[in-house]
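**Student:** Structure file structure26.cif, mmCIF, C-alpha atoms, is pasted below:
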```cif
data_final
loop_
_atom_site.label_atom_id
_atom_site.label_comp_id
_atom_site.auth_asym_id
_atom_site.auth_seq_id
_atom_site.Cartn_x
_atom_site.Cartn_y
_atom_site.Cartn_z
CA MET A 27 -30.64 22.66 -95.45
CA LYS A 28 -31.75 24.46 -92.35
CA LEU A 29 -30.82 28.09 -91.91
CA LEU A 30 -29.19 27.15 -88.57
CA THR A 31 -26.80 24.74 -90.31
CA ALA A 32 -25.19 27.66 -92.16
CA ASN A 33 -23.83 28.79 -88.78
CA PHE A 34 -21.57 25.70 -88.73
CA LEU A 35 -20.40 25.65 -92.36
CA SER A 36 -17.52 27.45 -94.03
CA CYS A 37 -15.72 27.21 -97.36
CA ALA A 38 -14.08 23.80 -97.89
CA VAL A 39 -11.07 25.33 -99.67
CA LYS A 40 -8.15 25.02 -97.27
CA ALA A 41 -6.75 28.49 -97.94
CA CYS A 42 -10.16 30.02 -97.14
CA LYS A 43 -10.53 28.49 -93.66
CA SER A 44 -8.51 31.28 -92.06
CA SER A 45 -10.25 34.05 -94.01
CA PRO A 46 -13.10 35.84 -92.19
CA LEU A 47 -14.77 36.18 -95.61
CA SER A 48 -15.32 32.41 -95.86
CA PHE A 49 -17.93 32.51 -93.10
CA PRO A 50 -20.84 32.66 -93.33
CA LEU A 51 -21.27 31.42 -96.86
CA HIS A 52 -23.79 33.50 -98.77
CA PHE A 53 -27.09 32.02 -99.90
CA ARG A 54 -27.98 32.64 -103.52
CA ASP A 55 -30.99 31.64 -105.65
CA ALA A 56 -32.52 29.92 -102.63
CA GLU A 57 -35.84 28.11 -102.91
CA LEU A 58 -37.30 27.89 -99.44
CA ALA A 59 -39.71 25.53 -97.76
CA SER A 60 -41.09 25.50 -94.26
CA LYS A 61 -40.62 22.19 -92.46
CA SER A 62 -42.33 21.53 -89.16
CA VAL A 63 -39.89 20.74 -86.33
CA PRO A 64 -40.89 20.08 -82.69
CA TYR A 65 -40.56 23.33 -80.70
CA ASN A 66 -37.71 23.04 -78.21
CA PRO A 67 -37.18 26.23 -76.15
CA LEU A 68 -34.50 24.58 -74.01
CA LEU A 69 -32.42 23.83 -77.09
CA LEU A 70 -32.79 27.38 -78.40
CA SER A 71 -31.74 28.92 -75.11
CA ASN A 72 -28.72 26.62 -74.76
CA LEU A 73 -27.78 27.02 -78.41
CA LEU A 74 -27.83 30.80 -78.42
CA PRO A 75 -24.56 31.25 -76.45
CA ARG A 76 -22.59 29.29 -79.09
CA LEU A 77 -24.08 30.83 -82.22
CA ASP A 78 -22.31 33.47 -84.27
CA TRP A 79 -25.07 36.06 -84.17
CA PRO A 80 -23.81 38.49 -86.86
CA ALA A 81 -23.45 35.52 -89.25
CA LEU A 82 -26.98 34.42 -88.42
CA VAL A 83 -28.32 37.92 -89.10
CA THR A 84 -26.56 37.87 -92.49
CA SER A 85 -27.85 34.40 -93.45
CA SER A 86 -31.37 35.30 -92.35
CA LYS A 87 -31.39 38.54 -94.31
CA GLU A 88 -30.30 36.64 -97.44
CA LEU A 89 -33.34 34.41 -97.05
CA GLY A 90 -35.72 37.27 -96.33
CA PHE A 91 -35.90 37.24 -92.53
CA THR A 92 -35.01 40.09 -90.20
CA LEU A 93 -33.35 39.23 -86.91
CA PRO A 94 -32.49 41.83 -84.26
CA ASP A 95 -28.96 43.28 -84.68
CA THR A 96 -27.89 42.10 -81.26
CA LYS A 97 -28.23 38.64 -79.80
CA PRO A 98 -31.44 38.49 -77.70
CA GLU A 99 -31.00 38.06 -73.96
CA LEU A 100 -33.03 35.04 -72.97
CA PRO A 101 -33.55 33.53 -69.54
CA ARG A 102 -31.45 30.43 -69.01
CA LEU A 103 -33.77 27.44 -69.25
CA SER A 104 -32.95 24.17 -67.57
CA THR A 105 -34.42 20.71 -67.36
CA SER A 106 -35.37 19.06 -64.13
CA THR A 107 -36.00 15.37 -63.93
CA GLY A 108 -39.51 15.00 -62.61
CA GLY A 109 -40.59 11.87 -60.73
CA ASP A 110 -39.49 8.29 -61.18
CA ASP A 111 -40.63 8.04 -64.74
CA GLY A 112 -37.72 10.21 -65.80
CA ASP A 113 -39.82 12.74 -67.69
CA MET A 114 -37.99 15.91 -68.51
CA ASN A 115 -39.88 18.95 -67.28
CA MET A 116 -39.03 22.41 -68.40
CA SER A 117 -38.50 25.14 -65.86
CA VAL A 118 -36.82 28.51 -65.81
CA ASP A 119 -34.09 29.02 -63.22
CA GLY A 120 -35.68 30.92 -60.37
CA GLY A 121 -39.06 29.28 -60.87
CA SER A 122 -40.87 31.93 -62.88
CA GLY A 123 -42.39 31.11 -66.27
CA VAL A 124 -41.00 32.32 -69.57
CA GLY A 125 -42.24 35.87 -70.14
CA GLU A 126 -44.48 36.70 -73.05
CA GLU A 127 -41.77 38.67 -74.86
CA ASP A 128 -39.20 35.88 -74.43
CA GLU A 129 -41.72 33.34 -75.66
CA LYS A 130 -42.29 35.47 -78.76
CA THR A 131 -38.51 35.66 -79.39
CA LEU A 132 -38.11 31.90 -78.92
CA LYS A 133 -40.96 31.13 -81.32
CA MET A 134 -39.51 33.53 -83.89
CA LEU A 135 -36.03 31.95 -83.59
CA HIS A 136 -37.57 28.50 -83.89
CA LYS A 137 -39.36 29.44 -87.09
CA VAL A 138 -36.33 31.09 -88.71
CA LEU A 139 -33.50 28.80 -87.55
CA MET A 140 -35.15 25.40 -87.30
CA GLU A 141 -38.09 25.43 -89.70
CA THR A 142 -36.66 27.35 -92.65
CA GLU A 143 -35.25 24.92 -95.23
CA VAL A 144 -33.28 25.78 -98.31
CA VAL A 145 -34.40 23.06 -100.72
CA GLU A 146 -32.52 24.21 -103.81
CA GLY A 147 -29.93 26.94 -104.21
CA LYS A 148 -26.32 27.84 -103.70
CA MET A 149 -23.93 28.92 -100.98
CA VAL A 150 -21.14 31.18 -102.13
CA CYS A 151 -17.78 31.81 -100.47
CA GLY A 152 -17.05 35.51 -99.95
CA SER A 153 -13.33 34.83 -100.19
CA CYS A 154 -12.79 32.61 -103.28
CA GLY A 155 -16.23 32.86 -104.86
CA PHE A 156 -16.74 29.09 -105.09
CA GLU A 157 -20.41 28.10 -105.29
CA TYR A 158 -21.66 25.11 -103.33
CA GLY A 159 -24.88 23.66 -104.65
CA ILE A 160 -27.85 22.67 -102.52
CA HIS A 161 -30.03 20.01 -104.10
CA GLN A 162 -33.06 18.40 -102.41
CA SER A 163 -31.95 20.12 -99.16
CA VAL A 164 -28.50 18.44 -99.23
CA GLY A 165 -25.51 20.75 -99.63
CA ASN A 166 -22.65 19.50 -101.82
CA PHE A 167 -19.27 20.49 -100.38
CA LEU A 168 -17.12 18.09 -102.39
CA LEU A 169 -14.58 20.29 -104.16
CA PRO A 170 -13.34 19.55 -107.67
CA SER A 171 -9.91 17.89 -107.63
CA HIS A 172 -8.04 21.01 -108.75
CA LEU A 173 -9.15 22.88 -105.61
CA VAL A 174 -8.09 20.19 -103.11
CA MET B 6 -0.33 -4.97 -76.19
CA THR B 7 -2.82 -2.21 -75.65
CA SER B 8 -3.61 -3.30 -72.10
CA THR B 9 -0.72 -1.18 -70.84
CA VAL B 10 -2.45 1.92 -72.20
CA ASN B 11 -5.88 1.27 -70.74
CA PRO B 12 -7.41 0.53 -67.41
CA PRO B 13 -9.05 -2.92 -67.49
CA LEU B 14 -12.66 -2.91 -68.64
CA VAL B 15 -15.10 -3.37 -65.79
CA PRO B 16 -16.96 -6.64 -66.45
CA SER B 17 -20.24 -5.39 -64.95
CA ASP B 18 -20.25 -2.53 -67.46
CA THR B 19 -22.79 -4.03 -69.83
CA PRO B 20 -24.44 -1.86 -72.49
CA LEU B 21 -27.91 -0.42 -71.93
CA LYS B 22 -30.55 -2.04 -74.09
CA LEU B 23 -31.95 0.61 -76.40
CA PRO B 24 -33.85 -0.06 -79.64
CA THR B 25 -31.77 -0.07 -82.84
CA PRO B 26 -33.09 2.32 -85.52
CA SER B 27 -34.88 0.81 -88.48
CA THR B 28 -33.11 0.85 -91.83
CA SER B 29 -35.74 -1.19 -93.68
CA HIS B 30 -36.37 1.74 -96.07
CA ILE B 31 -32.89 1.32 -97.58
CA THR B 32 -32.85 -0.55 -100.88
CA SER B 33 -29.72 0.96 -102.42
CA GLN B 34 -26.81 -1.45 -102.85
CA ALA B 35 -24.46 1.53 -102.84
CA VAL B 36 -24.92 2.12 -99.10
CA TYR B 37 -23.04 0.23 -96.36
CA PRO B 38 -25.67 -1.75 -94.44
CA PRO B 39 -25.64 -1.76 -90.59
CA SER B 40 -22.95 -4.30 -89.69
CA GLU B 41 -20.89 -5.59 -86.75
CA ASP B 42 -18.80 -2.42 -86.71
CA SER B 43 -21.90 -0.19 -86.61
CA TYR B 44 -23.34 -2.22 -83.74
CA LEU B 45 -20.08 -2.02 -81.80
CA LEU B 46 -20.37 1.78 -81.94
CA LEU B 47 -23.93 1.59 -80.61
CA ASP B 48 -22.72 -0.63 -77.76
CA ALA B 49 -19.80 1.67 -76.98
CA PHE B 50 -22.13 4.66 -76.49
CA SER B 51 -24.53 2.47 -74.48
CA LEU B 52 -21.94 1.54 -71.85
CA PRO B 53 -22.89 3.11 -68.51
CA SER B 54 -19.26 4.23 -68.16
CA GLU B 55 -19.46 6.08 -71.50
CA VAL B 56 -22.83 7.65 -70.60
CA ALA B 57 -21.16 8.92 -67.41
CA PHE B 58 -18.10 10.18 -69.30
CA ILE B 59 -20.14 12.22 -71.79
CA SER B 60 -22.61 13.56 -69.21
CA THR B 61 -19.66 14.77 -67.11
CA ARG B 62 -17.92 16.32 -70.10
CA PHE B 63 -21.06 18.12 -71.33
CA PRO B 64 -23.01 19.13 -68.21
CA ALA B 65 -26.60 20.31 -68.77
CA GLU B 66 -25.80 23.96 -67.98
CA THR B 67 -23.20 24.22 -70.77
CA PRO B 68 -24.06 25.28 -74.36
CA SER B 69 -25.74 22.64 -76.54
CA PRO B 70 -23.23 20.15 -77.96
CA LEU B 71 -22.85 19.59 -81.71
CA LEU B 72 -22.63 15.92 -82.68
CA VAL B 73 -21.16 15.11 -86.09
CA GLU B 74 -20.77 11.73 -87.74
CA ILE B 75 -18.40 11.29 -90.69
CA GLY B 76 -19.40 8.61 -93.19
CA THR B 77 -22.95 8.05 -92.00
CA GLY B 78 -23.70 5.35 -94.57
CA SER B 79 -27.09 3.88 -93.66
CA GLY B 80 -27.42 6.47 -90.88
CA VAL B 81 -27.91 3.81 -88.20
CA VAL B 82 -25.27 5.19 -85.82
CA SER B 83 -26.34 8.83 -86.06
CA ALA B 84 -29.98 7.82 -85.81
CA PHE B 85 -29.30 5.79 -82.66
CA LEU B 86 -27.36 8.62 -81.02
CA ALA B 87 -29.89 11.27 -82.05
CA ALA B 88 -32.97 9.25 -81.04
CA HIS B 89 -31.56 8.33 -77.60
CA ALA B 90 -29.63 11.54 -76.81
CA GLY B 91 -31.52 12.13 -73.55
CA THR B 92 -30.49 8.68 -72.28
CA LEU B 93 -26.96 8.52 -73.74
CA PHE B 94 -25.81 12.11 -73.20
CA GLY B 95 -28.02 13.13 -70.29
CA ARG B 96 -29.50 15.98 -72.34
CA GLN B 97 -31.79 16.41 -75.30
CA ASP B 98 -30.57 19.83 -76.38
CA VAL B 99 -28.01 18.30 -78.74
CA ILE B 100 -27.82 19.12 -82.45
CA THR B 101 -26.53 16.65 -85.02
CA ILE B 102 -25.09 16.87 -88.53
CA GLY B 103 -24.27 13.89 -90.77
CA LEU B 104 -21.47 13.96 -93.36
CA ASP B 105 -20.83 11.55 -96.21
CA VAL B 106 -19.15 11.75 -99.61
CA SER B 107 -22.10 9.87 -101.09
CA TYR B 108 -25.28 11.77 -101.92
CA THR B 109 -27.14 8.46 -101.86
CA ALA B 110 -25.95 7.82 -98.29
CA ASN B 111 -26.98 11.33 -97.26
CA THR B 112 -30.44 10.87 -98.72
CA VAL B 113 -31.09 7.60 -96.88
CA THR B 114 -29.50 8.90 -93.66
CA ASN B 115 -31.91 11.84 -93.68
CA THR B 116 -34.75 9.33 -93.54
CA THR B 117 -33.09 6.97 -91.01
CA ILE B 118 -32.46 9.77 -88.51
CA SER B 119 -35.79 11.56 -88.97
CA LYS B 120 -37.72 8.31 -88.52
CA ALA B 121 -35.79 7.25 -85.41
CA CYS B 122 -36.16 10.69 -83.80
CA SER B 123 -39.89 10.84 -84.45
CA GLN B 124 -40.24 7.45 -82.75
CA HIS B 125 -38.47 8.70 -79.60
CA PRO B 126 -39.63 12.29 -79.08
CA GLU B 127 -39.07 11.99 -75.31
CA THR B 128 -35.30 11.46 -75.70
CA SER B 129 -34.39 12.65 -79.19
CA ALA B 130 -31.88 15.33 -80.13
CA THR B 131 -32.46 17.78 -82.98
CA PHE B 132 -31.13 16.56 -86.30
CA LEU B 133 -30.12 19.46 -88.53
CA ASP B 134 -28.83 18.17 -91.86
CA CYS B 135 -26.78 15.79 -93.93
CA VAL B 136 -24.08 17.41 -96.02
CA THR B 137 -22.04 15.89 -98.85
CA SER B 138 -18.47 16.41 -97.70
CA ASP B 139 -14.99 14.91 -97.66
CA LEU B 140 -14.38 14.34 -93.92
CA THR B 141 -15.21 17.60 -92.09
CA SER B 142 -13.98 19.97 -94.81
CA CYS B 143 -17.36 21.76 -94.93
CA LEU B 144 -17.37 22.67 -91.24
CA LYS B 145 -16.31 25.85 -89.52
CA PRO B 146 -13.09 25.09 -87.59
CA LYS B 147 -13.25 23.85 -83.99
CA CYS B 148 -17.01 23.52 -83.66
CA VAL B 149 -17.52 19.75 -83.21
CA ASP B 150 -18.14 18.50 -79.67
CA ILE B 151 -18.80 14.82 -80.32
CA LEU B 152 -17.27 13.39 -83.49
CA VAL B 153 -17.94 9.82 -84.61
CA PHE B 154 -16.18 7.96 -87.42
CA ASN B 155 -16.52 4.39 -88.61
CA PRO B 156 -13.91 4.78 -91.34
CA PRO B 157 -13.07 2.71 -94.39
CA TYR B 158 -10.67 0.65 -92.25
CA VAL B 159 -9.98 -2.49 -94.30
CA PRO B 160 -6.33 -2.68 -95.44
CA THR B 161 -6.40 -2.77 -99.25
CA SER B 162 -3.71 -2.64 -101.91
CA GLU B 163 -5.50 0.19 -103.66
CA HIS B 164 -7.23 3.19 -102.16
CA PRO B 165 -10.12 4.48 -104.30
CA SER B 166 -9.81 8.14 -105.25
CA LEU B 167 -12.64 10.62 -104.64
CA SER B 168 -12.05 12.28 -108.01
CA THR B 169 -14.97 10.44 -109.63
CA LEU B 170 -17.31 12.19 -107.18
CA ARG B 171 -15.42 15.47 -107.08
CA ASP B 172 -15.22 16.05 -110.82
CA GLY B 173 -18.47 14.47 -111.94
CA ARG B 174 -21.86 16.13 -112.16
CA GLN B 175 -24.22 16.53 -109.21
CA GLN B 176 -24.57 13.01 -107.78
CA LYS B 177 -27.90 11.29 -108.11
CA VAL B 178 -29.46 8.71 -105.84
CA ILE B 179 -28.17 5.28 -106.86
CA VAL B 180 -30.96 2.77 -106.36
CA ASN B 181 -32.40 -0.11 -108.41
CA SER B 182 -29.47 0.07 -110.80
CA LYS B 183 -30.28 -0.98 -114.36
CA SER B 184 -27.49 0.42 -116.51
CA LYS B 185 -23.82 -0.59 -116.50
CA LYS B 186 -22.98 3.00 -115.51
CA ASP B 187 -25.17 2.75 -112.41
CA TYR B 188 -23.73 -0.65 -111.44
CA ASP B 189 -20.21 0.75 -111.76
CA MET B 190 -21.13 3.73 -109.61
CA GLU B 191 -22.69 1.37 -107.07
CA ASP B 192 -19.47 -0.71 -106.89
CA TYR B 193 -17.36 2.42 -106.63
CA LEU B 194 -19.48 3.93 -103.83
CA PHE B 195 -19.42 0.65 -101.96
CA SER B 196 -15.61 0.43 -102.26
CA LEU B 197 -15.40 3.87 -100.64
CA THR B 198 -17.22 2.53 -97.57
CA TYR B 199 -14.56 -0.04 -96.64
CA ALA B 200 -11.30 0.28 -98.63
CA GLY B 201 -8.77 1.96 -96.38
CA GLY B 202 -5.58 1.57 -98.42
CA ASP B 203 -2.26 1.11 -96.63
CA LYS B 204 -2.86 -0.44 -93.17
CA GLY B 205 -6.49 0.62 -93.70
CA MET B 206 -5.46 4.02 -92.40
CA GLU B 207 -5.25 6.29 -95.46
CA THR B 208 -8.57 8.06 -94.84
CA THR B 209 -8.31 7.99 -91.03
CA ASP B 210 -4.80 9.46 -91.16
CA ARG B 211 -6.04 12.46 -93.13
CA LEU B 212 -8.58 13.17 -90.40
CA LEU B 213 -6.10 12.66 -87.54
CA ASP B 214 -3.79 15.25 -89.12
CA GLN B 215 -6.47 17.93 -88.85
CA LEU B 216 -8.31 16.75 -85.74
CA HIS B 217 -7.13 19.75 -83.69
CA GLU B 218 -8.81 22.04 -86.25
CA VAL B 219 -12.06 20.10 -86.08
CA LEU B 220 -12.80 19.42 -82.41
CA SER B 221 -13.82 22.12 -79.95
CA ASP B 222 -11.76 22.39 -76.76
CA ARG B 223 -14.23 20.12 -74.98
CA GLY B 224 -14.59 17.86 -78.04
CA VAL B 225 -14.34 14.07 -78.02
CA PHE B 226 -13.65 11.92 -81.08
CA TYR B 227 -14.91 8.33 -81.23
CA LEU B 228 -12.99 6.25 -83.74
CA LEU B 229 -13.40 2.63 -84.81
CA LEU B 230 -10.24 0.67 -85.58
CA CYS B 231 -9.54 -2.93 -86.57
CA ALA B 232 -6.46 -4.86 -85.52
CA GLY B 233 -4.96 -4.37 -88.99
CA ASN B 234 -4.86 -0.62 -88.35
CA ARG B 235 -2.34 -1.38 -85.56
CA PRO B 236 -4.07 0.52 -82.74
CA PRO B 237 -0.96 0.72 -80.51
CA GLU B 238 0.82 2.65 -83.29
CA VAL B 239 -2.15 4.99 -83.62
CA VAL B 240 -2.11 5.60 -79.85
CA GLU B 241 1.58 6.40 -79.99
CA ARG B 242 1.07 8.81 -82.86
CA ILE B 243 -1.91 10.61 -81.28
CA THR B 244 -0.42 10.98 -77.83
CA GLY B 245 2.87 12.09 -79.39
CA MET B 246 1.20 15.05 -81.10
CA GLU B 247 1.65 18.50 -79.61
CA PHE B 248 -2.05 18.93 -78.77
CA GLY B 249 -2.23 17.03 -75.50
CA TRP B 250 -4.50 14.28 -76.79
CA LYS B 251 -5.49 11.30 -74.72
CA MET B 252 -6.56 8.12 -76.51
CA GLU B 253 -8.42 5.41 -74.61
CA ARG B 254 -10.07 2.18 -75.65
CA VAL B 255 -13.80 2.10 -74.92
CA ILE B 256 -14.73 -1.38 -76.12
CA GLU B 257 -13.26 -4.25 -78.14
CA ARG B 258 -14.88 -7.24 -79.85
CA ARG B 259 -14.01 -10.12 -82.13
CA ALA B 260 -16.30 -10.01 -85.17
CA GLY B 261 -15.80 -12.75 -87.73
CA GLY B 262 -12.16 -12.56 -88.79
CA GLU B 263 -11.66 -9.10 -87.33
CA ILE B 264 -10.91 -7.62 -83.95
CA LEU B 265 -12.71 -4.30 -83.79
CA SER B 266 -12.28 -1.62 -81.15
CA ILE B 267 -13.72 1.81 -80.40
CA TRP B 268 -11.44 4.53 -79.08
CA ARG B 269 -12.04 7.96 -77.68
CA ILE B 270 -9.61 10.79 -78.32
CA TYR B 271 -9.85 14.06 -76.37
CA ARG B 272 -7.93 16.71 -74.52
CA SER B 273 -7.81 16.09 -70.81
#
```
Would you write the structure of this file as C-alpha cells?
**Tutor:**
Amino acid sequence: MKLLTANFLSCAVKACKSSPLSFPLHFRDAELASKSVPYNPLLLSNLLPRLDWPALVTSSKELGFTLPDTKPELPRLSTSTGGDDGDMNMSVDGGSGVGEEDEKTLKMLHKVLMETEVVEGKMVCGSCGFEYGIHQSVGNFLLPSHLV
Amino acid sequence: MTSTVNPPLVPSDTPLKLPTPSTSHITSQAVYPPSEDSYLLLDAFSLPSEVAFISTRFPAETPSPLLVEIGTGSGVVSAFLAAHAGTLFGRQDVITIGLDVSYTANTVTNTTISKACSQHPETSATFLDCVTSDLTSCLKPKCVDILVFNPPYVPTSEHPSLSTLRDGRQQKVIVNSKSKKDYDMEDYLFSLTYAGGDKGMETTDRLLDQLHEVLSDRGVFYLLLCAGNRPPEVVERITGMEFGWKMERVIERRAGGEILSIWRIYRS
C-alpha cells in the first residue's frame, strides 16, 4: 500500500466514520519497500490541493519520513496539447520553468507519497483501536461480523 | 418504459476503439472473467458523449479526480479506465483505487492494472492500490469523484453472506485448487461475483443507501443494471432521495438472455 493511499482511508466501523480520531489510520509494524513509479509533477501539483496535509505528515512520520509542517506552495502546472499528434506537454502557467526548489519538493513528494510501499504491517484506528492488516501490499478492511 | 426518463441515444455516438487490457495472466477460477457486462462498461466510457460529459465535469484546472471501482474482479474495467485516462477523461492526473471483497481478485487486479498502464504510458492514470473492502467502507467519506460498480446483479433466491470472509483468517490467493476446501472457497467467491439476492439488488441497495456519504460533490457514479433489477424503480428511488440525484441511462445492450444497461448518477 502506498503512503498516499492512507490519505483516502478511514476506519470501516460505522460509528468511527464521524470521529476525527478515525483518520488517518496509524501505521504499525510496517515493512517498507521502494517501488519505482513514473514521475508525474502535474499529478502531484493537482493532487496537493485535495490532500489532507496534517494527516500526510502524521502518516509519513510513522513510516520514518519528515514532511514540512505546512503544505508546500507549488506553482500550478498545466498540460497543453502540443501539435496534431496529441502529445501532452508540460508547462507552468506563465511560461517559466519549474524552479529548482519546487523541483526538489516535487521529487521529494514523489518519493514519499508514490514510491513508498507498505508491504506488510497494520493500520490502527485511533478511535476504536481496530487493527487492519496489510499483507503483500493489500490492506484488509473487511470487518469481522460482530463489528458490522 | 425508461425512454421517458432519458433523451434518445444519438445513433452516431459510437464508442471509440481503444485496446482492451489483457487478462491472460489470470488462471484463478475464483475470479469473474471479463464478460459482456464488463465490455458494456468499457463501451459506455468510450462513447464520445461520455468523454465530453466527464471532461466537462472534471476540467483540467480542477484538483486531480479519484476514480474508484467496487468489485474489480479481473481488473479489466479499472485497467481500461486507468490505461486510457488521458483519452477518456481528458486528463492523466487521475488516481485510481480498486476495491473487492476477494483478496484473490485484488491480487490479480493489481497485475491487470499495472500491466495495462505500463503499456500506455502516454495516456495512463496513476494506479494507487487495491484494498480488500466491503463496498466503500474503507474510504474516507465523500472523497470519490468517479465511482464504478458492476454489481452482483443476478436475481437469486439466496444471497451469499460475507461472514465466511469476514470471520475467517487472512484470505489467501485461490488458484489451482486441489483440496475440497479450496474448491468450496472458489465456488463461494464466484457466487459473490454474481448472486444479487432479491431482484438482484441486495448489494446494490446497500451502496445506494450510503451513496451521498461516498461521492464528492462533483462525483459521478456509474452503475450497471440488468432488466431484472427493474431500472425504472431504481430511477424512481434515486431521484426521490433528498440529495438531488439525477440518474440517466448511458448505454443499453441485449446480451444473451439479459438486457444490460449502464447508468450515471450524480448531482446536477
**Student:** Tell me which residues the PyMOL selection byres ((chain B) within 8 of (chain A)) grabs here, as a PDB file with C-alpha atoms, in the frame of the given file.
**Tutor:**
```pdb
ATOM      1  CA  ALA B  65     -26.600  20.310 -68.770  1.00  0.00           C
ATOM      2  CA  GLU B  66     -25.800  23.960 -67.980  1.00  0.00           C
ATOM      3  CA  THR B  67     -23.200  24.220 -70.770  1.00  0.00           C
ATOM      4  CA  PRO B  68     -24.060  25.280 -74.360  1.00  0.00           C
ATOM      5  CA  SER B  69     -25.740  22.640 -76.540  1.00  0.00           C
ATOM      6  CA  GLN B  97     -31.790  16.410 -75.300  1.00  0.00           C
ATOM      7  CA  ASP B  98     -30.570  19.830 -76.380  1.00  0.00           C
ATOM      8  CA  VAL B  99     -28.010  18.300 -78.740  1.00  0.00           C
ATOM      9  CA  VAL B 106     -19.150  11.750 -99.610  1.00  0.00           C
ATOM     10  CA  TYR B 108     -25.280  11.770-101.920  1.00  0.00           C
ATOM     11  CA  ASN B 111     -26.980  11.330 -97.260  1.00  0.00           C
ATOM     12  CA  THR B 112     -30.440  10.870 -98.720  1.00  0.00           C
ATOM     13  CA  GLU B 127     -39.070  11.990 -75.310  1.00  0.00           C
ATOM     14  CA  LEU B 133     -30.120  19.460 -88.530  1.00  0.00           C
ATOM     15  CA  ASP B 134     -28.830  18.170 -91.860  1.00  0.00           C
ATOM     16  CA  CYS B 135     -26.780  15.790 -93.930  1.00  0.00           C
ATOM     17  CA  VAL B 136     -24.080  17.410 -96.020  1.00  0.00           C
ATOM     18  CA  THR B 137     -22.040  15.890 -98.850  1.00  0.00           C
ATOM     19  CA  SER B 138     -18.470  16.410 -97.700  1.00  0.00           C
ATOM     20  CA  ASP B 139     -14.990  14.910 -97.660  1.00  0.00           C
ATOM     21  CA  SER B 142     -13.980  19.970 -94.810  1.00  0.00           C
ATOM     22  CA  CYS B 143     -17.360  21.760 -94.930  1.00  0.00           C
ATOM     23  CA  LEU B 144     -17.370  22.670 -91.240  1.00  0.00           C
ATOM     24  CA  LYS B 145     -16.310  25.850 -89.520  1.00  0.00           C
ATOM     25  CA  PRO B 146     -13.090  25.090 -87.590  1.00  0.00           C
ATOM     26  CA  CYS B 148     -17.010  23.520 -83.660  1.00  0.00           C
ATOM     27  CA  SER B 168     -12.050  12.280-108.010  1.00  0.00           C
ATOM     28  CA  LEU B 170     -17.310  12.190-107.180  1.00  0.00           C
ATOM     29  CA  ARG B 171     -15.420  15.470-107.080  1.00  0.00           C
ATOM     30  CA  ASP B 172     -15.220  16.050-110.820  1.00  0.00           C
TER      31      ASP B 172
END
```
**Student:** Go through B:Ala260, B:Arg174, B:Ser221, B:Pro165 one by one, measure the shortest atom-to-atom distance of each to Asp192 in chain B using all atoms listed in the file, and give the residue with the smallest value.
**Tutor:**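 Looking at the shortest contact to Asp192 in chain B, the residue is B:Pro165.
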**Student:** Could you tell me which of B:Leu216, B:Ala35, B:Leu194, B:Val255 comes closest to Val113 in chain B if we count all atoms listed in the file?
**Tutor:**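 Smallest distance to Val113 in chain B is found for B:Ala35.
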**Student:** Tell me which of B:Arg223, B:His217, B:Lys177, B:His89 sits closest to Ile59 in chain B, counting all atoms listed in the file.
**Tutor:**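 With all atoms listed in the file as the atom set, the closest residue is B:Arg223.
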**Student:** Tell me, in Å to one decimal, how far CA of Leu93 in chain B is from CA of Ser51 in chain B.
**Tutor:** 6.6 Å
**Student:** Between CA of Ile179 in chain B and CA of Asp42 in chain B, measure the distance and give it in Å to one decimal.
**Tutor:**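 Computed distance, CA of Ile179 in chain B to CA of Asp42 in chain B, equals 23.5 Å.
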